[in-house]
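Asks: This is model_2.csv (CSV, C-alpha atoms).
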```csv
chain,number,residue,atom,x,y,z
P,1,MET,CA,27.2,23.1,17.8
P,2,ALA,CA,24.6,21.1,19.7
P,3,LEU,CA,23.9,17.6,20.9
P,4,THR,CA,20.9,16.0,19.2
P,5,PHE,CA,18.7,13.7,21.3
P,6,TRP,CA,17.0,11.1,19.1
P,7,TYR,CA,14.0,9.6,20.9
P,8,GLU,CA,11.1,7.2,20.2
P,9,PHE,CA,8.0,7.4,22.3
P,10,SER,CA,7.7,3.6,22.5
P,11,SER,CA,11.2,3.3,23.9
P,12,SER,CA,11.5,2.7,27.6
P,13,TYR,CA,15.1,3.8,27.8
P,14,SER,CA,14.2,7.0,25.8
P,15,TYR,CA,11.8,7.8,28.7
P,16,LEU,CA,14.7,7.6,31.2
P,17,SER,CA,16.7,10.0,29.2
P,18,ALA,CA,13.9,12.4,28.4
P,19,MET,CA,13.2,12.9,32.1
P,20,ARG,CA,16.8,14.0,32.9
P,21,ILE,CA,18.5,15.3,29.7
P,22,ASP,CA,17.5,19.0,30.0
P,23,ALA,CA,19.0,19.3,33.5
P,24,ALA,CA,22.1,17.2,32.5
P,25,ALA,CA,22.7,19.3,29.3
P,26,GLU,CA,22.3,22.5,31.2
P,27,ALA,CA,24.8,21.3,33.9
P,28,ALA,CA,27.3,20.4,31.2
P,29,GLY,CA,26.7,23.7,29.3
P,30,VAL,CA,25.7,21.8,26.2
P,31,GLN,CA,23.0,23.0,23.7
P,32,LEU,CA,20.4,20.3,23.0
P,33,VAL,CA,18.0,19.5,20.1
P,34,TRP,CA,15.1,17.3,20.8
P,35,GLN,CA,14.5,15.1,17.7
P,36,PRO,CA,11.6,12.5,17.7
P,37,PHE,CA,11.8,9.7,15.2
P,38,LEU,CA,10.4,6.2,14.7
P,39,LEU,CA,12.3,2.9,15.4
P,40,GLY,CA,9.6,0.7,13.8
P,41,PRO,CA,10.9,0.9,10.2
P,42,ILE,CA,14.6,0.6,11.4
P,43,PHE,CA,13.8,-2.5,13.6
P,44,LYS,CA,11.9,-4.0,10.7
P,45,GLU,CA,14.9,-3.5,8.4
P,46,ALA,CA,17.1,-5.2,11.0
P,47,GLY,CA,14.7,-8.2,11.1
P,48,TYR,CA,13.3,-7.7,14.6
P,49,ASP,CA,9.7,-8.5,15.3
P,50,GLY,CA,8.5,-5.7,17.5
P,51,SER,CA,11.5,-4.8,19.8
P,52,PRO,CA,14.9,-6.3,20.3
P,53,ASN,CA,14.2,-6.2,24.1
P,54,LEU,CA,11.5,-8.8,23.5
P,55,VAL,CA,13.7,-11.3,21.7
P,56,SER,CA,13.8,-13.6,24.8
P,57,PRO,CA,11.6,-13.7,27.9
P,58,HIS,CA,14.7,-13.3,30.0
P,59,LYS,CA,15.8,-10.1,28.2
P,60,ALA,CA,12.3,-8.6,28.5
P,61,ALA,CA,12.0,-9.4,32.2
P,62,TYR,CA,15.4,-7.9,32.8
P,63,MET,CA,14.6,-4.7,30.9
P,64,TRP,CA,11.5,-4.0,33.0
P,65,ALA,CA,13.3,-4.8,36.2
P,66,ASP,CA,16.3,-2.6,35.2
P,67,ILE,CA,14.0,0.3,34.2
P,68,GLY,CA,12.0,0.0,37.4
P,69,ARG,CA,15.2,0.1,39.5
P,70,ARG,CA,16.6,3.1,37.6
P,71,ALA,CA,13.3,5.1,37.7
P,72,ALA,CA,13.0,4.5,41.5
P,73,HIS,CA,16.6,5.5,42.0
P,74,ARG,CA,16.0,8.7,40.1
P,75,GLY,CA,12.7,9.4,41.8
P,76,ILE,CA,10.5,9.3,38.6
P,77,PRO,CA,7.3,7.4,38.3
P,78,PHE,CA,7.2,4.2,36.3
P,79,VAL,CA,4.5,1.8,35.3
P,80,GLN,CA,5.0,-1.1,32.8
P,81,PRO,CA,2.5,-0.2,30.0
P,82,ALA,CA,0.0,-3.0,29.2
P,83,VAL,CA,0.7,-2.4,25.5
P,84,PHE,CA,4.4,-2.7,24.4
P,85,PRO,CA,5.8,-1.8,22.0
P,86,GLN,CA,3.2,0.9,21.1
P,87,ASP,CA,2.2,2.4,17.8
P,88,SER,CA,4.0,5.8,18.2
P,89,VAL,CA,3.4,7.3,14.8
P,90,ARG,CA,0.7,9.7,15.8
P,91,ALA,CA,2.7,10.8,18.9
P,92,ALA,CA,5.9,11.4,16.9
P,93,ARG,CA,3.9,13.5,14.4
P,94,ALA,CA,2.4,15.5,17.2
P,95,ALA,CA,5.8,16.2,18.8
P,96,LEU,CA,7.2,17.2,15.4
P,97,GLY,CA,4.1,19.4,14.8
P,98,VAL,CA,4.3,21.5,17.9
P,99,GLU,CA,6.5,24.6,17.9
P,100,ALA,CA,10.1,23.9,18.7
P,101,VAL,CA,9.9,25.8,22.0
P,102,HIS,CA,7.2,23.4,23.3
P,103,ARG,CA,8.7,20.2,21.9
P,104,ALA,CA,10.7,19.1,25.0
P,105,ALA,CA,7.8,19.7,27.5
P,106,PHE,CA,5.2,18.1,25.3
P,107,SER,CA,7.5,15.1,24.6
P,108,ARG,CA,8.1,14.6,28.4
P,109,ALA,CA,4.3,14.7,28.9
P,110,VAL,CA,3.8,12.1,26.2
P,111,PHE,CA,6.5,9.8,27.7
P,112,GLY,CA,4.8,10.4,31.1
P,113,GLN,CA,1.5,9.1,29.6
P,114,VAL,CA,3.2,5.9,28.5
P,115,PHE,CA,5.7,5.0,31.2
P,116,GLY,CA,4.4,7.1,34.1
P,117,HIS,CA,0.7,6.2,33.7
P,118,GLY,CA,0.8,3.1,31.5
P,119,ALA,CA,-1.4,4.7,28.8
P,120,ASP,CA,-1.4,3.7,25.1
P,121,ILE,CA,-0.3,6.7,23.0
P,122,SER,CA,-1.8,5.4,19.8
P,123,ASP,CA,-5.0,6.7,21.5
P,124,PRO,CA,-5.6,10.4,20.7
P,125,VAL,CA,-7.1,10.8,24.2
P,126,ALA,CA,-3.8,10.1,25.8
P,127,LEU,CA,-2.0,12.5,23.5
P,128,GLY,CA,-4.7,15.1,24.2
P,129,GLU,CA,-4.0,14.7,27.9
P,130,ALA,CA,-0.3,15.3,27.3
P,131,ALA,CA,-1.1,18.5,25.4
P,132,ASP,CA,-3.4,19.7,28.2
P,133,GLU,CA,-0.8,19.0,30.8
P,134,VAL,CA,1.7,21.4,29.2
P,135,GLY,CA,-0.9,24.1,28.4
P,136,LEU,CA,-1.2,23.3,24.6
P,137,ASP,CA,-4.5,23.1,22.8
P,138,ALA,CA,-5.2,19.4,22.2
P,139,GLN,CA,-7.3,20.0,19.1
P,140,SER,CA,-4.7,22.2,17.4
P,141,VAL,CA,-1.9,19.8,18.3
P,142,MET,CA,-3.9,17.0,16.6
P,143,ALA,CA,-4.6,19.1,13.6
P,144,ARG,CA,-0.9,20.0,13.1
P,145,ALA,CA,0.1,16.4,13.6
P,146,ALA,CA,-2.1,15.4,10.6
P,147,ALA,CA,-0.6,18.0,8.3
P,148,PRO,CA,1.2,16.5,5.2
P,149,LYS,CA,4.4,18.5,5.9
P,150,VAL,CA,4.6,17.0,9.4
P,151,LYS,CA,4.2,13.5,8.0
P,152,GLN,CA,6.9,14.3,5.5
P,153,ALA,CA,9.1,15.7,8.3
P,154,LEU,CA,8.8,12.4,10.2
P,155,PHE,CA,9.8,10.4,7.1
P,156,ALA,CA,12.8,12.7,6.7
P,157,ALA,CA,13.7,12.2,10.4
P,158,VAL,CA,13.8,8.4,10.0
P,159,ASP,CA,16.0,8.8,6.9
P,160,ALA,CA,18.3,11.2,8.8
P,161,ALA,CA,18.5,8.6,11.7
P,162,ARG,CA,19.5,5.9,9.2
P,163,GLY,CA,22.2,8.4,7.9
P,164,HIS,CA,23.6,8.8,11.3
P,165,GLY,CA,23.8,5.0,11.7
P,166,ILE,CA,21.1,5.0,14.4
P,167,PHE,CA,19.8,1.5,15.2
P,168,GLY,CA,18.1,2.0,18.6
P,169,ALA,CA,16.9,4.7,21.1
P,170,PRO,CA,17.7,6.8,22.8
P,171,SER,CA,20.6,7.9,20.6
P,172,PHE,CA,22.7,11.0,20.9
P,173,VAL,CA,24.6,12.5,18.0
P,174,THR,CA,27.2,15.1,18.8
P,175,GLY,CA,28.0,18.1,16.6
P,176,ASP,CA,31.0,16.2,15.1
P,177,GLY,CA,28.6,13.4,14.0
P,178,THR,CA,29.6,10.9,16.7
P,179,LEU,CA,26.9,8.5,17.7
P,180,PHE,CA,26.2,7.3,21.3
P,181,TRP,CA,23.4,4.8,22.0
P,182,GLY,CA,21.5,4.3,25.2
P,183,ASP,CA,20.5,6.1,28.3
P,184,ASP,CA,23.7,4.9,29.9
P,185,ARG,CA,25.8,6.8,27.4
P,186,LEU,CA,24.3,10.2,28.1
P,187,ALA,CA,27.1,11.5,30.3
P,188,ASP,CA,29.6,10.3,27.6
P,189,ALA,CA,27.7,12.1,24.8
P,190,LEU,CA,27.6,15.3,26.8
P,191,ALA,CA,31.3,15.1,27.6
P,192,TRP,CA,32.1,14.3,23.9
P,193,GLU,CA,30.1,17.3,22.7
P,194,LYS,CA,31.8,19.5,25.2
P,195,SER,CA,35.4,18.4,25.1
P,196,GLY,CA,35.8,15.4,22.8
P,197,THR,CA,36.4,12.9,25.6
P,198,LEU,CA,34.3,10.4,27.5
P,199,ALA,CA,33.0,11.1,31.0
P,200,LEU,CA,35.0,9.8,33.9
P,201,ASP,CA,34.6,6.0,34.2
P,202,ARG,CA,32.0,4.2,36.2
E,1,MET,CA,28.0,-13.1,50.0
E,2,ALA,CA,29.8,-12.3,46.8
E,3,LEU,CA,29.2,-10.8,43.4
E,4,THR,CA,29.5,-13.3,40.5
E,5,PHE,CA,31.0,-12.1,37.3
E,6,TRP,CA,29.6,-14.1,34.4
E,7,TYR,CA,31.7,-13.8,31.3
E,8,GLU,CA,32.1,-15.2,27.8
E,9,PHE,CA,35.5,-15.1,26.1
E,10,SER,CA,33.9,-14.1,22.7
E,11,SER,CA,32.1,-11.1,24.3
E,12,SER,CA,33.7,-7.8,23.6
E,13,TYR,CA,32.0,-6.0,26.5
E,14,SER,CA,33.1,-8.9,28.8
E,15,TYR,CA,36.6,-7.9,27.9
E,16,LEU,CA,36.0,-4.4,29.1
E,17,SER,CA,34.7,-5.6,32.4
E,18,ALA,CA,37.4,-8.3,32.9
E,19,MET,CA,40.2,-5.7,32.6
E,20,ARG,CA,38.8,-3.5,35.5
E,21,ILE,CA,36.5,-5.6,37.7
E,22,ASP,CA,39.2,-6.8,40.2
E,23,ALA,CA,40.2,-3.2,41.0
E,24,ALA,CA,36.6,-2.0,41.1
E,25,ALA,CA,35.5,-4.8,43.4
E,26,GLU,CA,38.4,-4.2,45.7
E,27,ALA,CA,37.7,-0.5,45.9
E,28,ALA,CA,34.1,-1.3,46.7
E,29,GLY,CA,35.0,-3.9,49.3
E,30,VAL,CA,33.1,-6.6,47.4
E,31,GLN,CA,34.1,-10.2,47.1
E,32,LEU,CA,34.1,-11.5,43.6
E,33,VAL,CA,33.7,-14.9,41.8
E,34,TRP,CA,34.8,-15.2,38.2
E,35,GLN,CA,32.4,-17.5,36.4
E,36,PRO,CA,33.1,-18.4,32.7
E,37,PHE,CA,30.1,-19.6,30.6
E,38,LEU,CA,29.0,-19.9,27.0
E,39,LEU,CA,26.5,-17.5,25.3
E,40,GLY,CA,26.3,-19.6,22.1
E,41,PRO,CA,23.5,-22.0,23.3
E,42,ILE,CA,21.6,-19.1,25.0
E,43,PHE,CA,21.8,-16.9,21.8
E,44,LYS,CA,20.7,-19.9,19.7
E,45,GLU,CA,17.7,-20.4,22.0
E,46,ALA,CA,16.8,-16.7,21.6
E,47,GLY,CA,16.9,-17.1,17.8
E,48,TYR,CA,20.1,-15.1,17.2
E,49,ASP,CA,22.4,-16.1,14.4
E,50,GLY,CA,25.9,-15.5,15.9
E,51,SER,CA,25.6,-12.4,18.1
E,52,PRO,CA,22.9,-9.8,18.8
E,53,ASN,CA,25.5,-7.1,18.1
E,54,LEU,CA,25.7,-8.3,14.5
E,55,VAL,CA,22.0,-8.0,13.8
E,56,SER,CA,22.5,-4.9,11.7
E,57,PRO,CA,25.6,-3.4,10.1
E,58,HIS,CA,24.9,-0.1,11.9
E,59,LYS,CA,24.8,-1.9,15.3
E,60,ALA,CA,28.0,-3.8,14.6
E,61,ALA,CA,29.8,-0.6,13.5
E,62,TYR,CA,28.6,1.2,16.6
E,63,MET,CA,29.8,-1.7,18.9
E,64,TRP,CA,33.3,-1.6,17.6
E,65,ALA,CA,33.5,2.2,17.7
E,66,ASP,CA,32.1,2.2,21.2
E,67,ILE,CA,34.5,-0.4,22.5
E,68,GLY,CA,37.4,1.3,20.8
E,69,ARG,CA,36.6,4.6,22.5
E,70,ARG,CA,36.1,3.0,25.9
E,71,ALA,CA,39.3,0.9,25.7
E,72,ALA,CA,41.3,4.0,24.7
E,73,HIS,CA,39.7,6.0,27.5
E,74,ARG,CA,40.6,3.3,30.1
E,75,GLY,CA,44.1,2.9,28.6
E,76,ILE,CA,43.7,-0.8,27.6
E,77,PRO,CA,44.7,-2.2,24.3
E,78,PHE,CA,42.1,-3.0,21.7
E,79,VAL,CA,42.1,-4.7,18.3
E,80,GLN,CA,39.0,-5.8,16.5
E,81,PRO,CA,39.5,-9.5,16.0
E,82,ALA,CA,39.3,-10.8,12.4
E,83,VAL,CA,37.1,-13.7,13.7
E,84,PHE,CA,34.0,-12.6,15.5
E,85,PRO,CA,32.1,-14.1,17.2
E,86,GLN,CA,34.6,-16.8,18.1
E,87,ASP,CA,34.2,-20.4,19.1
E,88,SER,CA,35.0,-20.1,22.8
E,89,VAL,CA,34.2,-23.6,24.0
E,90,ARG,CA,37.9,-24.7,24.5
E,91,ALA,CA,38.8,-21.4,26.2
E,92,ALA,CA,35.9,-21.6,28.6
E,93,ARG,CA,36.8,-25.2,29.5
E,94,ALA,CA,40.4,-24.1,30.0
E,95,ALA,CA,39.3,-21.3,32.4
E,96,LEU,CA,37.1,-23.7,34.3
E,97,GLY,CA,39.9,-26.3,34.5
E,98,VAL,CA,42.6,-24.1,36.1
E,99,GLU,CA,42.6,-23.8,39.8
E,100,ALA,CA,40.3,-21.1,41.1
E,101,VAL,CA,43.2,-19.0,42.4
E,102,HIS,CA,44.5,-18.7,38.8
E,103,ARG,CA,41.2,-18.2,37.0
E,104,ALA,CA,41.0,-14.4,37.0
E,105,ALA,CA,44.6,-13.9,35.7
E,106,PHE,CA,44.3,-16.7,33.1
E,107,SER,CA,40.9,-15.3,31.9
E,108,ARG,CA,42.3,-11.8,31.5
E,109,ALA,CA,45.2,-13.3,29.5
E,110,VAL,CA,42.7,-15.1,27.3
E,111,PHE,CA,40.7,-11.9,26.8
E,112,GLY,CA,43.9,-10.1,26.0
E,113,GLN,CA,44.6,-12.7,23.2
E,114,VAL,CA,41.2,-12.0,21.6
E,115,PHE,CA,40.7,-8.3,22.1
E,116,GLY,CA,44.2,-7.0,22.8
E,117,HIS,CA,46.0,-9.0,20.1
E,118,GLY,CA,43.1,-10.0,17.8
E,119,ALA,CA,43.9,-13.8,18.1
E,120,ASP,CA,41.4,-16.6,17.6
E,121,ILE,CA,41.0,-18.5,20.8
E,122,SER,CA,39.6,-21.5,19.2
E,123,ASP,CA,43.3,-22.1,18.3
E,124,PRO,CA,45.1,-24.0,21.1
E,125,VAL,CA,48.2,-22.0,20.4
E,126,ALA,CA,46.6,-18.7,21.5
E,127,LEU,CA,45.3,-20.4,24.6
E,128,GLY,CA,48.8,-21.8,25.3
E,129,GLU,CA,50.2,-18.3,25.0
E,130,ALA,CA,47.7,-17.1,27.5
E,131,ALA,CA,48.8,-19.8,29.9
E,132,ASP,CA,52.5,-19.0,29.4
E,133,GLU,CA,51.8,-15.3,30.0
E,134,VAL,CA,50.5,-16.0,33.6
E,135,GLY,CA,53.1,-18.7,34.4
E,136,LEU,CA,50.8,-21.7,33.9
E,137,ASP,CA,51.9,-24.9,32.1
E,138,ALA,CA,50.2,-24.8,28.7
E,139,GLN,CA,50.1,-28.6,28.3
E,140,SER,CA,48.6,-29.2,31.7
E,141,VAL,CA,46.0,-26.4,31.1
E,142,MET,CA,45.0,-28.2,27.9
E,143,ALA,CA,44.8,-31.6,29.5
E,144,ARG,CA,42.6,-30.3,32.3
E,145,ALA,CA,40.4,-28.5,29.8
E,146,ALA,CA,39.7,-31.8,28.1
E,147,ALA,CA,38.7,-33.7,31.3
E,148,PRO,CA,35.1,-34.9,31.3
E,149,LYS,CA,34.3,-33.3,34.6
E,150,VAL,CA,35.4,-29.9,33.2
E,151,LYS,CA,33.1,-30.4,30.2
E,152,GLN,CA,30.3,-31.3,32.6
E,153,ALA,CA,31.1,-28.2,34.7
E,154,LEU,CA,30.7,-26.0,31.6
E,155,PHE,CA,27.3,-27.5,30.8
E,156,ALA,CA,26.3,-26.9,34.4
E,157,ALA,CA,27.5,-23.3,34.2
E,158,VAL,CA,25.3,-22.6,31.2
E,159,ASP,CA,22.3,-24.2,33.0
E,160,ALA,CA,23.0,-22.0,36.0
E,161,ALA,CA,23.2,-18.9,33.8
E,162,ARG,CA,19.8,-19.8,32.4
E,163,GLY,CA,18.5,-20.2,35.9
E,164,HIS,CA,19.6,-16.6,36.8
E,165,GLY,CA,17.8,-15.3,33.7
E,166,ILE,CA,21.1,-14.4,32.0
E,167,PHE,CA,20.7,-13.6,28.3
E,168,GLY,CA,24.0,-11.7,27.5
E,169,ALA,CA,27.5,-11.0,28.9
E,170,PRO,CA,29.0,-9.6,30.9
E,171,SER,CA,26.4,-10.3,33.6
E,172,PHE,CA,26.7,-9.7,37.3
E,173,VAL,CA,24.6,-11.6,39.9
E,174,THR,CA,24.6,-10.3,43.4
E,175,GLY,CA,24.3,-12.4,46.5
E,176,ASP,CA,20.6,-11.7,46.7
E,177,GLY,CA,20.1,-13.0,43.1
E,178,THR,CA,19.7,-9.7,41.4
E,179,LEU,CA,20.9,-9.7,37.8
E,180,PHE,CA,22.8,-6.8,36.2
E,181,TRP,CA,23.7,-6.9,32.5
E,182,GLY,CA,26.5,-5.1,30.7
E,183,ASP,CA,29.8,-3.5,31.4
E,184,ASP,CA,27.9,-0.2,32.0
E,185,ARG,CA,26.1,-1.8,35.0
E,186,LEU,CA,29.3,-2.8,36.9
E,187,ALA,CA,29.2,0.2,39.3
E,188,ASP,CA,25.5,-0.5,40.0
E,189,ALA,CA,26.1,-4.2,40.6
E,190,LEU,CA,28.9,-3.4,43.1
E,191,ALA,CA,26.7,-0.9,44.9
E,192,TRP,CA,23.8,-3.3,45.0
E,193,GLU,CA,26.0,-6.1,46.4
E,194,LYS,CA,27.3,-3.7,49.0
E,195,SER,CA,24.3,-1.7,50.1
E,196,GLY,CA,21.2,-2.7,48.0
E,197,THR,CA,21.1,0.5,46.0
E,198,LEU,CA,22.3,1.6,42.6
E,199,ALA,CA,25.5,3.8,42.2
E,200,LEU,CA,25.1,7.5,42.0
E,201,ASP,CA,23.7,8.5,38.6
E,202,ARG,CA,25.5,9.3,35.4
```
Take the structure from the file and write it as structure tokens.

Replies:
Amino acid sequence: MALTFWYEFSSSYSYLSAMRIDAAAEAAGVQLVWQPFLLGPIFKEAGYDGSPNLVSPHKAAYMWADIGRRAAHRGIPFVQPAVFPQDSVRAARAALGVEAVHRAAFSRAVFGQVFGHGADISDPVALGEAADEVGLDAQSVMARAAAPKVKQALFAAVDAARGHGIFGAPSFVTGDGTLFWGDDRLADALAWEKSGTLALDR
Amino acid sequence: MALTFWYEFSSSYSYLSAMRIDAAAEAAGVQLVWQPFLLGPIFKEAGYDGSPNLVSPHKAAYMWADIGRRAAHRGIPFVQPAVFPQDSVRAARAALGVEAVHRAAFSRAVFGQVFGHGADISDPVALGEAADEVGLDAQSVMARAAAPKVKQALFAAVDAARGHGIFGAPSFVTGDGTLFWGDDRLADALAWEKSGTLALDR
């Protein structure tokens, strides 16, 4: 049994989870699977134009303020990227293409490019820097990302996400198939995976 | 200084906050103002048809599952109302019309009608039962709800909500004007009001 962490590189709240989930899962004694996917097709099917967080200027302003406060509180860097949402297809393929043992570290580095440095990860240079940062060969990461079986794996991931009822990110799916949505549900997802209950209330 | 609790009777997550906010604020030593308002006009301006939680079937299913889990965990009753979202105009007027000292108790009773019993609070009978439950005279509550100055106060509340950048409910606005959105931000809003920081992380 394991908790699956479904993340999208263009998702600001996925960034918040990515930067703390390994430590949180270890503290809870829960096994974790990092699973990149794409929200773009799922948002399109729901009728959103871009991101549900940009539906109104008030909601967008709140999201950036909220994330800035939470990042500061947790001591992680945060920059509002000039491009949002971003085309994250190449980044998701790259994360799926690296060996599983490198996926978490590489994914954190990609998130750091977007929300720590404000870079645009549709740019291969930004992805290459993420690879460098964690000691992977940028050229081979890019080559693997372009492989047909990796593209296929990303389509399959989006289909699997739909199958779990996923409509946003981050999402967490426990071993018994229960879905939790949002960085603020991480403690609940871990508690559910471990003992079938929610975390103590806040 | 006080924390203002902005709530909408048709909002399922407002119900979760309403049932615990008095105890939480008292434990934190924070003064609280209960402020009913309407999301309908604000959602309409953002282009939503009904409720953002109904944008996709997956999101709607998740919301009801999430609220059911949280209500069970907190030991409060929960029934998915047959009518959702509901026309909450009369209920909001009634809550604004009662004396301030009765507002919290009456509002909890109204929320209990919707999400504890599954009633439709566009029905004056359900509102009358809420009044009875907390020892208020149902007829006089209805009469006050229909007064022009109460209707005017509700328009003013929606305008004030817009002024705070409110786009959903529950929302919490601290004395320094900082906005927090969602039942899962209650602990943060209380900590911010008290000491200008977020609550310890979860």

Asks: Select, from E:Ser56, E:Ser17, E:Ser10, E:Gln113, the residue with the minimum atom-to-atom distance to chain P, counting all atoms listed in the file.

Replies: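 Of E:Ser56, E:Ser17, E:Ser10, E:Gln113, the one nearest chain P, counting all atoms listed in the file, is E:Ser56.
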
Asks: Quote the spacing between atom CA of P:Ala161 and atom CA of P:Leu179 in Å to one decimal place.

Replies: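 Pair atom CA of P:Ala161 / atom CA of P:Leu179 returns 10.3 Å.
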
Asks: With 7 Å as the limit and counting all atoms listed in the file, what residues in chain E lie close to chain P? Please list them as a list in words.

Replies: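 Those within range of chain P come out as Ala46, Val55, Ser56, His58, Lys59, His73, Gly165, Ile166, Phe167, Asp184, Ala187, Leu198 and Arg202 of chain E.
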
Asks: For P:Leu127, please output as a PyMOL selection string all residues within 10 Å (counting only C-alpha atoms; exclusion window: fewer than 6 positions along the same chain).

Replies: chain P and resi 90-91+94-95+106-107+109-111+113-114+119-121+133+138+141-142

Asks: Report, in Å to a single decimal, how far apart atom CA of E:Pro124 and atom CA of E:Pro36 are.

Replies: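 So the answer is 17.6 Å.
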
Asks: So that I can see what lies close to P:Phe37, please list as a list of chain:residue names the residues with an atom at most 6 Å from it, counting all atoms listed in the file and leaving out residues fewer than 5 positions away in the same chain.

Replies: P:Glu8, P:Ala157, P:Val158

Asks: Any chance you can output those residues with C-alpha atoms as a PDB file, in the coordinates of the input?

Replies:
```pdb
ATOM      1  CA  GLU P   8      11.100   7.200  20.200  1.00  0.00           C
ATOM      2  CA  ALA P 157      13.700  12.200  10.400  1.00  0.00           C
ATOM      3  CA  VAL P 158      13.800   8.400  10.000  1.00  0.00           C
TER       4      VAL P 158
END
```

Asks: Which value, in Å to one decimal, gives the distance between atom CA of P:Gln86 and atom CA of P:Asp49?

Replies: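 Rounded to one decimal, the two atoms are 12.8 Å apart.
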
Asks: Between P:Gln35, P:Gly40, P:Ala105, P:Val98, which has the minimum distance to P:Arg20 (counting only C-alpha atoms)?

Replies: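 Smallest distance to P:Arg20 is found for P:Ala105.
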
Asks: Within 6 Å of (26.0, -16.5, 37.8) (file coordinates; only C-alpha atoms), which protein or nucleic acid residues are there? I'd like them as a VMD selection string.

Replies: chain E and resid 4 6 161 173

Asks: Could the residues in this selection be written to a file with C-alpha atoms, as an mmCIF file, in the frame of the given file?

Replies:
```
data_model
loop_
_atom_site.group_PDB
_atom_site.id
_atom_site.type_symbol
_atom_site.label_atom_id
_atom_site.label_comp_id
_atom_site.auth_asym_id
_atom_site.auth_seq_id
_atom_site.Cartn_x
_atom_site.Cartn_y
_atom_site.Cartn_z
ATOM 1 C CA THR E 4 29.500 -13.300 40.500
ATOM 2 C CA TRP E 6 29.600 -14.100 34.400
ATOM 3 C CA ALA E 161 23.200 -18.900 33.800
ATOM 4 C CA VAL E 173 24.600 -11.600 39.900
#
```
